[in-house]
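Written out below as structure tokens is the structure these notes cover.
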2 protein chains.
Amino acid sequence: MHNNLETPALLLDEGRMQRNIERMQNRMNQLGVAFRPHVKTSKCLEVVRRQMAAGARGITVSTLKEAEEFFRAGVDDILYAVAIVPNKLDHALKLIRAGLRLTLLVESVAMAEQVAIHGAANGVCYDVLIEIDTDGHRSGVKPADPLLPQIAAALQGSARLKGVMTHAGASYDLNTPEALAAMAEQERSRCVAAAENLRAAGHACEVVSVGSTPTALSARHLKGVTEVRAGVYVFFDMVMADVGVCTSDDVAISVLCTVIGHQPDQGWIITDGGWMAMSRDLGHQSHGYGLVCDADGKPVDGLAFGKANQEHGVLQWTGEGDISQMFPVGSSLRILPNHACATGAQHGQYHVIPQKGGELKVWPRFSGW
Amino acid sequence: MHNNLETPALLLDEGRMQRNIERMQNRMNQLGVAFRPHVKTSKCLEVVRRQMAAGARGITVSTLKEAEEFFRAGVDDILYAVAIVPNKLDHALKLIRAGLRLTLLVESVAMAEQVAIHGAANGVCYDVLIEIDTDGHRSGVKPADPLLPQIAAALQGSARLKGVMTHAGASYDLNTPEALAAMAEQERSRCVAAAENLRAAGHACEVVSVGSTPTALSARHLKGVTEVRAGVYVFFDMVMADVGVCTSDDVAISVLCTVIGHQPDQGWIITDGGWMAMSRDLGHQSHGYGLVCDADGKPVDGLAFGKANQEHGVLQWTGEGDISQMFPVGSSLRILPNHACATGAQHGQYHVIPQKGGELKVWPRFSGW
């Protein structure tokens, strides 16, 4: 059905995506928490509409561009989950004045003060979460850090502390159900502890927001948590397959590419899907630039995507037979990405394989800041 | 001057770019060859206009989207330097019918036949180069391969063999002037040998096209070569600095980012410039995600960009002092990219620092296929 498509092209299997959306939303319903999907993975209105229809309450974004695009499309409750800096406050203000319920993130006294000052100067009361570090993988304040109530105090005036949020990104490096469940519990318990510390210091802390795809799918209970965020689950990818929370059969996006030549003495099949189409993301280094599948999406044993130039993929064949006969010039292959967020970002649209069959649809996606 | 810019943002130092353009064009003039810059690096009309004004004759592209965009802007002599496949022939035909002098690339008998058939069916005679493999790094036919005259023969009818082209991509892994000069001579001599083999078999072979930034800057003579292609020289990057054909002072693009937080116990400075702003390209693995500079573009010793998430950069400080004082929240840093083509592709525009001073200009760039 995609024979006439110019390659490389990003394919989206709508049926798989819909199953992924329902699986996560059902899980959140069972755990009794609100779900606020992180839309940085798709940056696509059609995808987000389906997440909202399934039961999401608000969305999470990684850029103010995402906030702007999705607000324009009618999503009015958005968490911007990267710590705010001064050069972005005017943009945030503009969105809030236009009617968006935007929640900002801070992780320092210095920035809490700036947010309060900017709010006061502009007659706006910003809604703010404090970022909590529950796994040492990146940013945020430790739950017991005395800075935590100081940040809350610095907000007072023209900003309102709504609560705390954390992201257990360290879960991406785990690969057993036990380790994932333990990380989910660590994420939950430490974020709840941070909220309790703030409450003990006299601050209201209504929102306790946690999440990553691996921990969201591995938590046994979420006592004290009010909402969960997760993003990549919507498409899944080979990193998530390595972590063990999906299989390659769940991965909903793939890059369609075409064989453009061979180097038979090297066992190389050259395609027009290079790093520009895949991104340079090597994931856990276990699948090269992605898992090579045939035109129908079935993995091809013995074909590894080890090397990529800008518009060339170099696939290494380790099996028997004549590669120029098995994979002739002009034939199609599909590559499952290591990291759906990174591969998606290289493309301006999804070519959607409809759930109910029929012609491909085109769903635009955006990028930038 | 860029204090008000929302970050991350891609900066372009126009003065450095102009020097890079003049350096390469002067060298090509001295070597007595036509220069056909590869515009996949910038994908920006303002940049290409300056390359043409300096003396370029035609351009090289990596996608038909580039061909379409630059043809629309008036560039009418374009080499599409990735082997053509059947699903792109209708697009190529459309551009040719609109008046573009487009040259296609083939590297197999099968595709040469398809090109000739498509031309005959549509009443067009395609101009074609054959890709030659001069360094074993990727695609193309070896100069003495008996396939070479077979491909030329397969083109006859509704396609015209214009000549041969090669790209010594293996030069990116070298780092001494002697090795680079030797690779440039290998690229030249093997591509010329391929042309001679075709001529001996009775085929006209007017064009002998070679090039990569390192070999173009290292060739001692280019006897028998008619044109050179190079792309990344226009901006340069840390990979090219590692190769030794530029210094970090020549690198014309950088990603402006803002400090959003700290983890003092780890020595981490967190910024809003993650892999979405830098790409995942680690180059030669010698500068992390890029070389960290201060707001004026001067390298900061002791600060390494080792880890990146989608919208977070994690910089490791190995020096003395209080990082939250030295690099306070809200302060600016600039990161020189490993690979200009990859970093540029993550952005929709350049914020240009004008050669003659004054306000930043915005130059759009495009992406996709």
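Chain labels follow the order of the structure tokens: the first chain is A, the next B, and so on; residue numbering restarts at 1 in every chain, and ligands are counted from 1 in their shown order.
Of the residues in range 265-341 of chain B, those given strand (DSSP E or B) by DSSP on the backbone are Trp268, Ile269, Ile270, Thr271, Leu291, Val292, Cys293, Pro299, Val300, Asp301, Gly302, Leu303, Ala304, Phe305, Gly306, Lys307, Ala308, Gly313, Val314, Leu315, Gln316, Trp317, Ser332, Leu333, Arg334, Ile335 and Leu336 of chain B.
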For those residues, write C-alpha atoms to a file as a JSON list (two decimals), in the first residue's frame.
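Below you can see selection.json, which holds the result:
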```json
[["chain", "number", "residue", "atom", "x", "y", "z"],
["B", 268, "TRP", "CA", 26.26, 19.32, 37.00],
["B", 269, "ILE", "CA", 24.96, 22.41, 35.26],
["B", 270, "ILE", "CA", 21.61, 21.73, 33.61],
["B", 271, "THR", "CA", 20.70, 23.70, 30.48],
["B", 291, "LEU", "CA", 32.18, 22.18, 22.77],
["B", 292, "VAL", "CA", 30.86, 24.39, 25.58],
["B", 293, "CYS", "CA", 31.52, 28.11, 25.14],
["B", 299, "PRO", "CA", 35.43, 27.87, 24.95],
["B", 300, "VAL", "CA", 34.99, 27.28, 28.69],
["B", 301, "ASP", "CA", 37.71, 25.03, 30.08],
["B", 302, "GLY", "CA", 36.54, 22.40, 32.52],
["B", 303, "LEU", "CA", 32.94, 22.19, 31.32],
["B", 304, "ALA", "CA", 32.03, 19.06, 29.33],
["B", 305, "PHE", "CA", 28.70, 18.28, 27.67],
["B", 306, "GLY", "CA", 28.53, 14.57, 28.41],
["B", 307, "LYS", "CA", 24.84, 13.83, 28.72],
["B", 308, "ALA", "CA", 21.70, 15.03, 26.98],
["B", 313, "GLY", "CA", 21.74, 19.29, 28.57],
["B", 314, "VAL", "CA", 23.83, 18.02, 31.48],
["B", 315, "LEU", "CA", 27.23, 19.73, 31.64],
["B", 316, "GLN", "CA", 29.92, 18.34, 33.92],
["B", 317, "TRP", "CA", 32.10, 20.88, 35.71],
["B", 332, "SER", "CA", 23.74, 31.88, 28.61],
["B", 333, "LEU", "CA", 26.13, 29.36, 27.09],
["B", 334, "ARG", "CA", 26.88, 28.55, 23.47],
["B", 335, "ILE", "CA", 27.66, 25.05, 22.23],
["B", 336, "LEU", "CA", 29.72, 24.44, 19.09]]
```
Cut-off 8 Å: closest chain B/chain A atom pairs per residue, using only C-alpha atoms, as JSON lines:
```
{"residue": "B:Asn3", "atom": "CA", "partner": "A:Asn87", "partner_atom": "CA", "distance": 7.6}
{"residue": "B:Asn4", "atom": "CA", "partner": "A:Asn87", "partner_atom": "CA", "distance": 5.9}
{"residue": "B:Leu5", "atom": "CA", "partner": "A:Asn87", "partner_atom": "CA", "distance": 6.5}
{"residue": "B:Glu6", "atom": "CA", "partner": "A:Asn87", "partner_atom": "CA", "distance": 5.3}
{"residue": "B:Thr7", "atom": "CA", "partner": "A:Asn87", "partner_atom": "CA", "distance": 7.2}
{"residue": "B:Pro8", "atom": "CA", "partner": "A:Trp369", "partner_atom": "CA", "distance": 7.5}
{"residue": "B:Ser62", "atom": "CA", "partner": "A:Glu311", "partner_atom": "CA", "distance": 6.7}
{"residue": "B:Thr63", "atom": "CA", "partner": "A:Glu311", "partner_atom": "CA", "distance": 8.0}
{"residue": "B:Val82", "atom": "CA", "partner": "A:Glu311", "partner_atom": "CA", "distance": 7.4}
{"residue": "B:Ala83", "atom": "CA", "partner": "A:Ile260", "partner_atom": "CA", "distance": 6.0}
{"residue": "B:Ile84", "atom": "CA", "partner": "A:Ile260", "partner_atom": "CA", "distance": 6.9}
{"residue": "B:Val85", "atom": "CA", "partner": "A:Gly330", "partner_atom": "CA", "distance": 5.6}
{"residue": "B:Pro86", "atom": "CA", "partner": "A:Gly330", "partner_atom": "CA", "distance": 6.1}
{"residue": "B:Asn87", "atom": "CA", "partner": "A:Glu6", "partner_atom": "CA", "distance": 5.3}
{"residue": "B:Lys88", "atom": "CA", "partner": "A:Glu6", "partner_atom": "CA", "distance": 5.8}
{"residue": "B:Glu107", "atom": "CA", "partner": "A:Gly261", "partner_atom": "CA", "distance": 6.6}
{"residue": "B:Ser108", "atom": "CA", "partner": "A:Gly261", "partner_atom": "CA", "distance": 6.7}
{"residue": "B:Ala110", "atom": "CA", "partner": "A:Val329", "partner_atom": "CA", "distance": 6.9}
{"residue": "B:Met111", "atom": "CA", "partner": "A:Val329", "partner_atom": "CA", "distance": 6.9}
{"residue": "B:Arg138", "atom": "CA", "partner": "A:Val314", "partner_atom": "CA", "distance": 7.2}
{"residue": "B:Ser139", "atom": "CA", "partner": "A:Gln263", "partner_atom": "CA", "distance": 6.9}
{"residue": "B:Gly140", "atom": "CA", "partner": "A:Gly261", "partner_atom": "CA", "distance": 7.9}
{"residue": "B:Thr258", "atom": "CA", "partner": "A:Val85", "partner_atom": "CA", "distance": 7.3}
{"residue": "B:Val259", "atom": "CA", "partner": "A:Val85", "partner_atom": "CA", "distance": 7.8}
{"residue": "B:Ile260", "atom": "CA", "partner": "A:Ala83", "partner_atom": "CA", "distance": 6.0}
{"residue": "B:Gly261", "atom": "CA", "partner": "A:Glu107", "partner_atom": "CA", "distance": 6.6}
{"residue": "B:His262", "atom": "CA", "partner": "A:Ser139", "partner_atom": "CA", "distance": 7.1}
{"residue": "B:Gln263", "atom": "CA", "partner": "A:Ser139", "partner_atom": "CA", "distance": 6.9}
{"residue": "B:Ile270", "atom": "CA", "partner": "A:Ser139", "partner_atom": "CA", "distance": 6.9}
{"residue": "B:Asp272", "atom": "CA", "partner": "A:Val82", "partner_atom": "CA", "distance": 7.8}
{"residue": "B:Met276", "atom": "CA", "partner": "A:Ala342", "partner_atom": "CA", "distance": 7.5}
{"residue": "B:Ser279", "atom": "CA", "partner": "A:Arg280", "partner_atom": "CA", "distance": 7.1}
{"residue": "B:Arg280", "atom": "CA", "partner": "A:Arg280", "partner_atom": "CA", "distance": 5.0}
{"residue": "B:Asp281", "atom": "CA", "partner": "A:Arg280", "partner_atom": "CA", "distance": 5.7}
{"residue": "B:Glu311", "atom": "CA", "partner": "A:Ser62", "partner_atom": "CA", "distance": 6.7}
{"residue": "B:His312", "atom": "CA", "partner": "A:Val82", "partner_atom": "CA", "distance": 7.9}
{"residue": "B:Val314", "atom": "CA", "partner": "A:Arg138", "partner_atom": "CA", "distance": 7.2}
{"residue": "B:Val329", "atom": "CA", "partner": "A:Met111", "partner_atom": "CA", "distance": 6.9}
{"residue": "B:Gly330", "atom": "CA", "partner": "A:Val85", "partner_atom": "CA", "distance": 5.6}
{"residue": "B:Ala342", "atom": "CA", "partner": "A:Met276", "partner_atom": "CA", "distance": 7.5}
{"residue": "B:Ala345", "atom": "CA", "partner": "A:Gln346", "partner_atom": "CA", "distance": 8.0}
{"residue": "B:Gln346", "atom": "CA", "partner": "A:Gly368", "partner_atom": "CA", "distance": 7.3}
{"residue": "B:His347", "atom": "CA", "partner": "A:Gly368", "partner_atom": "CA", "distance": 5.9}
{"residue": "B:Gly348", "atom": "CA", "partner": "A:Gly368", "partner_atom": "CA", "distance": 6.3}
{"residue": "B:Ser367", "atom": "CA", "partner": "A:Gly348", "partner_atom": "CA", "distance": 7.9}
{"residue": "B:Gly368", "atom": "CA", "partner": "A:His347", "partner_atom": "CA", "distance": 5.9}
{"residue": "B:Trp369", "atom": "CA", "partner": "A:Pro8", "partner_atom": "CA", "distance": 7.4}
```
Let's have the selection written as a compact mmCIF listing (two decimals), in the first residue's frame, with N, CA and C atoms.
```
# COMPACT_ATOMS: atom_id res chain seq x y z
N ASN B 3 20.37 38.37 24.27
CA ASN B 3 19.82 38.14 25.61
C ASN B 3 18.32 37.88 25.62
N ASN B 4 17.63 38.42 24.64
CA ASN B 4 16.18 38.27 24.65
C ASN B 4 15.69 37.08 23.85
N LEU B 5 16.61 36.38 23.22
CA LEU B 5 16.22 35.26 22.38
C LEU B 5 15.72 34.11 23.26
N GLU B 6 14.59 33.51 22.85
CA GLU B 6 14.15 32.30 23.54
C GLU B 6 15.10 31.16 23.19
N THR B 7 15.49 30.42 24.18
CA THR B 7 16.46 29.35 23.96
C THR B 7 15.78 27.99 24.06
N PRO B 8 16.36 26.93 23.44
CA PRO B 8 17.58 26.97 22.64
C PRO B 8 17.35 27.62 21.28
N SER B 62 21.08 16.68 -1.29
CA SER B 62 20.95 15.32 -0.75
C SER B 62 19.51 14.82 -0.80
N THR B 63 18.58 15.71 -1.17
CA THR B 63 17.16 15.33 -1.26
C THR B 63 16.53 16.09 -2.42
N VAL B 82 22.50 11.41 -4.37
CA VAL B 82 22.16 10.12 -3.74
C VAL B 82 21.55 9.27 -4.85
N ALA B 83 21.96 8.01 -4.94
CA ALA B 83 21.48 7.17 -6.05
C ALA B 83 19.96 7.18 -6.11
N ILE B 84 19.45 7.41 -7.29
CA ILE B 84 18.00 7.53 -7.51
C ILE B 84 17.35 6.15 -7.37
N VAL B 85 16.09 6.15 -6.93
CA VAL B 85 15.29 4.92 -6.89
C VAL B 85 13.96 5.18 -7.58
N PRO B 86 13.25 4.11 -7.97
CA PRO B 86 12.03 4.30 -8.78
C PRO B 86 11.03 5.26 -8.15
N ASN B 87 10.83 5.23 -6.82
CA ASN B 87 9.77 6.06 -6.24
C ASN B 87 10.06 7.56 -6.31
N LYS B 88 11.28 7.95 -6.72
CA LYS B 88 11.61 9.38 -6.82
C LYS B 88 11.62 9.89 -8.26
N GLU B 107 24.13 3.73 -9.50
CA GLU B 107 25.31 2.91 -9.18
C GLU B 107 25.03 1.42 -9.46
N SER B 108 23.98 1.14 -10.27
CA SER B 108 23.66 -0.25 -10.59
C SER B 108 23.08 -0.32 -12.01
N ALA B 110 20.63 -2.25 -12.78
CA ALA B 110 19.17 -2.30 -12.60
C ALA B 110 18.57 -0.90 -12.61
N MET B 111 19.20 0.02 -11.88
CA MET B 111 18.62 1.36 -11.79
C MET B 111 18.89 2.16 -13.06
N ARG B 138 31.29 3.46 1.58
CA ARG B 138 29.83 3.43 1.46
C ARG B 138 29.42 2.85 0.11
N SER B 139 28.95 3.66 -0.79
CA SER B 139 28.34 3.17 -2.02
C SER B 139 29.21 3.46 -3.24
N GLY B 140 28.77 2.99 -4.39
CA GLY B 140 29.47 3.24 -5.64
C GLY B 140 30.15 2.00 -6.20
N THR B 258 20.41 28.13 27.85
CA THR B 258 20.30 28.84 29.12
C THR B 258 20.42 27.85 30.26
N VAL B 259 21.12 28.27 31.31
CA VAL B 259 21.23 27.43 32.51
C VAL B 259 19.87 27.41 33.20
N ILE B 260 19.35 26.19 33.43
CA ILE B 260 18.05 26.09 34.10
C ILE B 260 18.16 25.53 35.50
N GLY B 261 19.34 25.02 35.88
CA GLY B 261 19.48 24.50 37.24
C GLY B 261 20.85 23.88 37.45
N HIS B 262 21.06 23.36 38.65
CA HIS B 262 22.35 22.76 39.03
C HIS B 262 22.11 21.54 39.90
N GLN B 263 23.09 20.63 39.86
CA GLN B 263 23.18 19.56 40.86
C GLN B 263 24.58 19.68 41.45
N ILE B 270 22.67 22.19 34.51
CA ILE B 270 21.61 21.73 33.61
C ILE B 270 21.20 22.90 32.72
N ASP B 272 18.89 24.20 28.97
CA ASP B 272 17.73 23.88 28.12
C ASP B 272 18.16 23.50 26.69
N MET B 276 17.58 17.52 21.38
CA MET B 276 16.71 18.07 20.33
C MET B 276 17.38 19.29 19.69
N SER B 279 21.18 17.60 18.28
CA SER B 279 21.16 16.29 17.62
C SER B 279 21.89 15.31 18.52
N ARG B 280 21.77 14.03 18.17
CA ARG B 280 22.46 12.99 18.95
C ARG B 280 23.85 12.69 18.40
N ASP B 281 24.34 13.54 17.48
CA ASP B 281 25.62 13.25 16.82
C ASP B 281 26.77 13.51 17.78
N GLU B 311 15.20 17.84 26.04
CA GLU B 311 15.29 19.29 26.19
C GLU B 311 16.16 19.69 27.38
N HIS B 312 17.05 18.82 27.79
CA HIS B 312 17.99 19.10 28.88
C HIS B 312 19.39 18.72 28.45
N VAL B 314 23.18 18.19 30.18
CA VAL B 314 23.83 18.02 31.48
C VAL B 314 25.33 18.25 31.28
N VAL B 329 21.51 30.37 37.25
CA VAL B 329 20.26 30.12 36.52
C VAL B 329 19.93 31.36 35.68
N GLY B 330 19.64 31.13 34.42
CA GLY B 330 19.31 32.23 33.51
C GLY B 330 20.49 32.70 32.68
N ALA B 342 23.96 17.92 11.14
CA ALA B 342 23.01 17.28 12.06
C ALA B 342 22.40 18.29 13.01
N ALA B 345 19.92 20.63 11.26
CA ALA B 345 18.67 19.97 10.90
C ALA B 345 17.64 19.97 12.02
N GLN B 346 18.07 20.25 13.24
CA GLN B 346 17.15 20.26 14.38
C GLN B 346 16.41 21.60 14.50
N HIS B 347 16.76 22.56 13.66
CA HIS B 347 16.25 23.92 13.82
C HIS B 347 15.53 24.41 12.56
N GLY B 348 14.57 25.29 12.76
CA GLY B 348 13.82 25.85 11.64
C GLY B 348 14.38 27.17 11.13
N SER B 367 13.52 21.49 6.10
CA SER B 367 13.96 20.13 6.36
C SER B 367 12.99 19.18 5.65
N GLY B 368 13.21 17.92 5.81
CA GLY B 368 12.30 16.93 5.23
C GLY B 368 12.69 16.54 3.82
N TRP B 369 11.78 15.77 3.18
CA TRP B 369 12.10 15.18 1.88
C TRP B 369 11.07 15.62 0.83
```
Compile the contact shell of Arg220 in chain B as number ranges by chain: residues with an atom at most 9 Å away, counting only C-alpha atoms, same-chain residues fewer than 2 positions apart removed. B: 31, 181, 184-185, 217-218, 222
In terms of only C-alpha atoms, the residue from B:Arg188, B:Lys94, B:Arg49, B:His203 at minimal distance from Met165 in chain B is B:Arg188
Please list as a VMD selection string every residue within 10 Å of Glu69 in chain B, counting only C-alpha atoms and excluding residues in the same chain fewer than 4 positions away. chain B and resid 43 to 45 64 to 65 73 to 75 366
Can you spit out the residues from that selection as a CSV table (one decimal), in the first residue's frame, using C-alpha atoms?
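File produced: again.csv:
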```csv
chain,number,residue,atom,x,y,z
B,43,LYS,CA,19.3,24.1,3.6
B,44,CYS,CA,19.1,27.9,3.6
B,45,LEU,CA,18.7,30.2,0.6
B,64,LEU,CA,14.7,16.3,-4.0
B,65,LYS,CA,13.1,18.6,-1.5
B,73,ALA,CA,14.7,30.3,-5.7
B,74,GLY,CA,16.4,30.4,-9.1
B,75,VAL,CA,19.2,27.8,-8.9
B,366,PHE,CA,13.8,23.8,5.7
```
Do a neighbour search on range 51-54 of chain A at 7 Å with only C-alpha atoms, toss out local chain neighbours closer than 4 positions, and write the hits as a PDB file with N, CA and C atoms, in the first residue's frame.
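The result, stored in part-v5.pdb:
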```
ATOM      1  N   ILE A  21      -2.387   3.392  23.350  1.00  0.00           N
ATOM      2  CA  ILE A  21      -3.117   4.434  24.093  1.00  0.00           C
ATOM      3  C   ILE A  21      -4.073   3.789  25.092  1.00  0.00           C
ATOM      4  N   GLU A  22      -4.801   2.789  24.634  1.00  0.00           N
ATOM      5  CA  GLU A  22      -5.790   2.152  25.520  1.00  0.00           C
ATOM      6  C   GLU A  22      -5.123   1.395  26.661  1.00  0.00           C
ATOM      7  N   GLN A  25      -4.008   4.057  29.233  1.00  0.00           N
ATOM      8  CA  GLN A  25      -5.126   4.719  29.903  1.00  0.00           C
ATOM      9  C   GLN A  25      -5.857   3.747  30.834  1.00  0.00           C
ATOM     10  N   VAL A  47      -2.771  12.650  16.982  1.00  0.00           N
ATOM     11  CA  VAL A  47      -2.394  11.681  18.017  1.00  0.00           C
ATOM     12  C   VAL A  47      -2.930  12.132  19.373  1.00  0.00           C
TER      13      VAL A  47
END
```
Between CA of Ala168 in chain B and CA of Met183 in chain B - distance in Å to one decimal: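 Distance reported for this atom pair: 7.5 Å.
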Could you jot down the CA of Gly15 in chain A to CA of Pro354 in chain A separation for me, Å, one decimal place?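 Calculated distance between CA of Gly15 in chain A and CA of Pro354 in chain A is 7.0 Å.
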If you run DSSP over the backbone, which residues in range 15-92 of chain B end up helix (DSSP H, G or I)? Put them as a PyMOL selection string. chain B and resi 15-31+45-54+64-72+86-92
How would the residues just picked look written out with N, CA and C atoms as a tab-separated table (two decimals), in the first residue's frame?
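Full text of part36.tsv as output:
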```tsv
chain	number	residue	atom	x	y	z
B	15	GLY	N	30.14	36.52	9.75
B	15	GLY	CA	31.52	36.81	9.38
B	15	GLY	C	32.35	35.54	9.22
B	16	ARG	N	32.19	34.62	10.17
B	16	ARG	CA	32.92	33.35	10.06
B	16	ARG	C	32.48	32.58	8.81
B	17	MET	N	31.17	32.54	8.58
B	17	MET	CA	30.67	31.83	7.41
B	17	MET	C	31.25	32.42	6.13
B	18	GLN	N	31.26	33.73	6.04
B	18	GLN	CA	31.77	34.39	4.83
B	18	GLN	C	33.24	34.06	4.61
B	19	ARG	N	34.00	34.01	5.71
B	19	ARG	CA	35.43	33.64	5.58
B	19	ARG	C	35.56	32.20	5.09
B	20	ASN	N	34.71	31.33	5.62
B	20	ASN	CA	34.78	29.92	5.21
B	20	ASN	C	34.45	29.77	3.72
B	21	ILE	N	33.43	30.51	3.28
B	21	ILE	CA	33.04	30.47	1.86
B	21	ILE	C	34.19	30.94	0.97
B	22	GLU	N	34.80	32.04	1.36
B	22	GLU	CA	35.88	32.60	0.54
B	22	GLU	C	37.11	31.69	0.53
B	23	ARG	N	37.39	31.10	1.69
B	23	ARG	CA	38.55	30.21	1.77
B	23	ARG	C	38.40	29.04	0.78
B	24	MET	N	37.23	28.41	0.79
B	24	MET	CA	37.03	27.25	-0.09
B	24	MET	C	37.00	27.67	-1.56
B	25	GLN	N	36.28	28.76	-1.86
B	25	GLN	CA	36.18	29.16	-3.27
B	25	GLN	C	37.55	29.57	-3.81
B	26	ASN	N	38.34	30.28	-3.01
B	26	ASN	CA	39.69	30.67	-3.44
B	26	ASN	C	40.54	29.45	-3.75
B	27	ARG	N	40.41	28.46	-2.90
B	27	ARG	CA	41.17	27.23	-3.09
B	27	ARG	C	40.76	26.53	-4.39
B	28	MET	N	39.47	26.48	-4.65
B	28	MET	CA	38.99	25.83	-5.89
B	28	MET	C	39.48	26.61	-7.11
B	29	ASN	N	39.47	27.94	-7.00
B	29	ASN	CA	39.96	28.76	-8.11
B	29	ASN	C	41.44	28.47	-8.38
B	30	GLN	N	42.21	28.35	-7.28
B	30	GLN	CA	43.64	28.04	-7.44
B	30	GLN	C	43.85	26.68	-8.08
B	31	LEU	N	43.00	25.73	-7.70
B	31	LEU	CA	43.14	24.37	-8.23
B	31	LEU	C	42.58	24.25	-9.65
B	45	LEU	N	18.46	29.39	1.85
B	45	LEU	CA	18.67	30.15	0.63
B	45	LEU	C	19.69	31.28	0.83
B	46	GLU	N	19.64	31.96	1.96
B	46	GLU	CA	20.56	33.08	2.17
B	46	GLU	C	22.01	32.60	2.16
B	47	VAL	N	22.24	31.42	2.70
B	47	VAL	CA	23.60	30.86	2.71
B	47	VAL	C	24.02	30.51	1.29
B	48	VAL	N	23.13	29.84	0.57
B	48	VAL	CA	23.47	29.39	-0.78
B	48	VAL	C	23.69	30.58	-1.72
B	49	ARG	N	22.92	31.63	-1.53
B	49	ARG	CA	23.14	32.84	-2.35
B	49	ARG	C	24.57	33.35	-2.20
B	50	ARG	N	25.09	33.29	-0.97
B	50	ARG	CA	26.46	33.77	-0.74
B	50	ARG	C	27.50	32.83	-1.35
B	51	GLN	N	27.18	31.53	-1.36
B	51	GLN	CA	28.10	30.59	-2.00
B	51	GLN	C	28.12	30.81	-3.52
B	52	MET	N	26.94	31.07	-4.09
B	52	MET	CA	26.86	31.32	-5.53
B	52	MET	C	27.57	32.64	-5.87
B	53	ALA	N	27.34	33.66	-5.04
B	53	ALA	CA	27.96	34.97	-5.30
B	53	ALA	C	29.48	34.87	-5.26
B	54	ALA	N	30.00	33.95	-4.43
B	54	ALA	CA	31.46	33.79	-4.32
B	54	ALA	C	32.05	33.05	-5.51
B	64	LEU	N	15.45	15.54	-2.96
B	64	LEU	CA	14.73	16.27	-4.01
B	64	LEU	C	14.00	17.48	-3.44
B	65	LYS	N	13.70	17.45	-2.14
B	65	LYS	CA	13.14	18.65	-1.48
B	65	LYS	C	14.11	19.82	-1.62
B	66	GLU	N	15.39	19.58	-1.37
B	66	GLU	CA	16.39	20.64	-1.55
B	66	GLU	C	16.40	21.12	-3.01
B	67	ALA	N	16.37	20.16	-3.94
B	67	ALA	CA	16.37	20.54	-5.36
B	67	ALA	C	15.17	21.45	-5.65
B	68	GLU	N	14.02	21.06	-5.14
B	68	GLU	CA	12.79	21.82	-5.39
B	68	GLU	C	12.87	23.23	-4.79
B	69	GLU	N	13.31	23.30	-3.54
B	69	GLU	CA	13.37	24.61	-2.86
B	69	GLU	C	14.37	25.55	-3.54
B	70	PHE	N	15.53	25.05	-3.87
B	70	PHE	CA	16.55	25.94	-4.44
B	70	PHE	C	16.25	26.26	-5.91
B	71	PHE	N	15.63	25.34	-6.62
B	71	PHE	CA	15.21	25.64	-7.99
B	71	PHE	C	14.16	26.74	-7.98
B	72	ARG	N	13.23	26.65	-7.06
B	72	ARG	CA	12.19	27.68	-6.94
B	72	ARG	C	12.82	29.06	-6.69
B	86	PRO	N	13.25	4.11	-7.97
B	86	PRO	CA	12.03	4.30	-8.78
B	86	PRO	C	11.03	5.26	-8.15
B	87	ASN	N	10.83	5.23	-6.82
B	87	ASN	CA	9.77	6.06	-6.24
B	87	ASN	C	10.06	7.56	-6.31
B	88	LYS	N	11.28	7.95	-6.72
B	88	LYS	CA	11.61	9.38	-6.82
B	88	LYS	C	11.62	9.89	-8.26
B	89	LEU	N	11.45	8.99	-9.23
B	89	LEU	CA	11.60	9.43	-10.63
B	89	LEU	C	10.51	10.40	-11.07
B	90	ASP	N	9.29	10.20	-10.59
B	90	ASP	CA	8.23	11.14	-11.00
B	90	ASP	C	8.51	12.54	-10.47
B	91	HIS	N	9.05	12.62	-9.26
B	91	HIS	CA	9.40	13.92	-8.67
B	91	HIS	C	10.51	14.59	-9.48
B	92	ALA	N	11.53	13.79	-9.83
B	92	ALA	CA	12.64	14.32	-10.64
B	92	ALA	C	12.12	14.81	-11.99
```
Find the residues around Leu155 in chain B up to 10 Å (only C-alpha atoms counted), leave out those fewer than 2 positions away in its own chain, and share them as a list in words. Val106, Val109, Ala110, Met111, Ala112, Glu113, Gln114, Val115, Ala116, Ile117, Gly119, Cys125, Tyr126, Asp127, Val128, Pro149, Gln150, Ile151, Ala152, Ala153, Gly157, Ser158, Ala159, Arg160 and Leu161 of chain B
Distance query Asp173 in chain B at most 10 Å, only C-alpha atoms, self and fewer than 5 positions along chain excluded, as a PyMOL selection string: chain B and resi 179-180+214+239-240+242-243+284
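In this structure, CA of Lys223 in chain A sits 11.7 Å away from CA of Arg190 in chain A.
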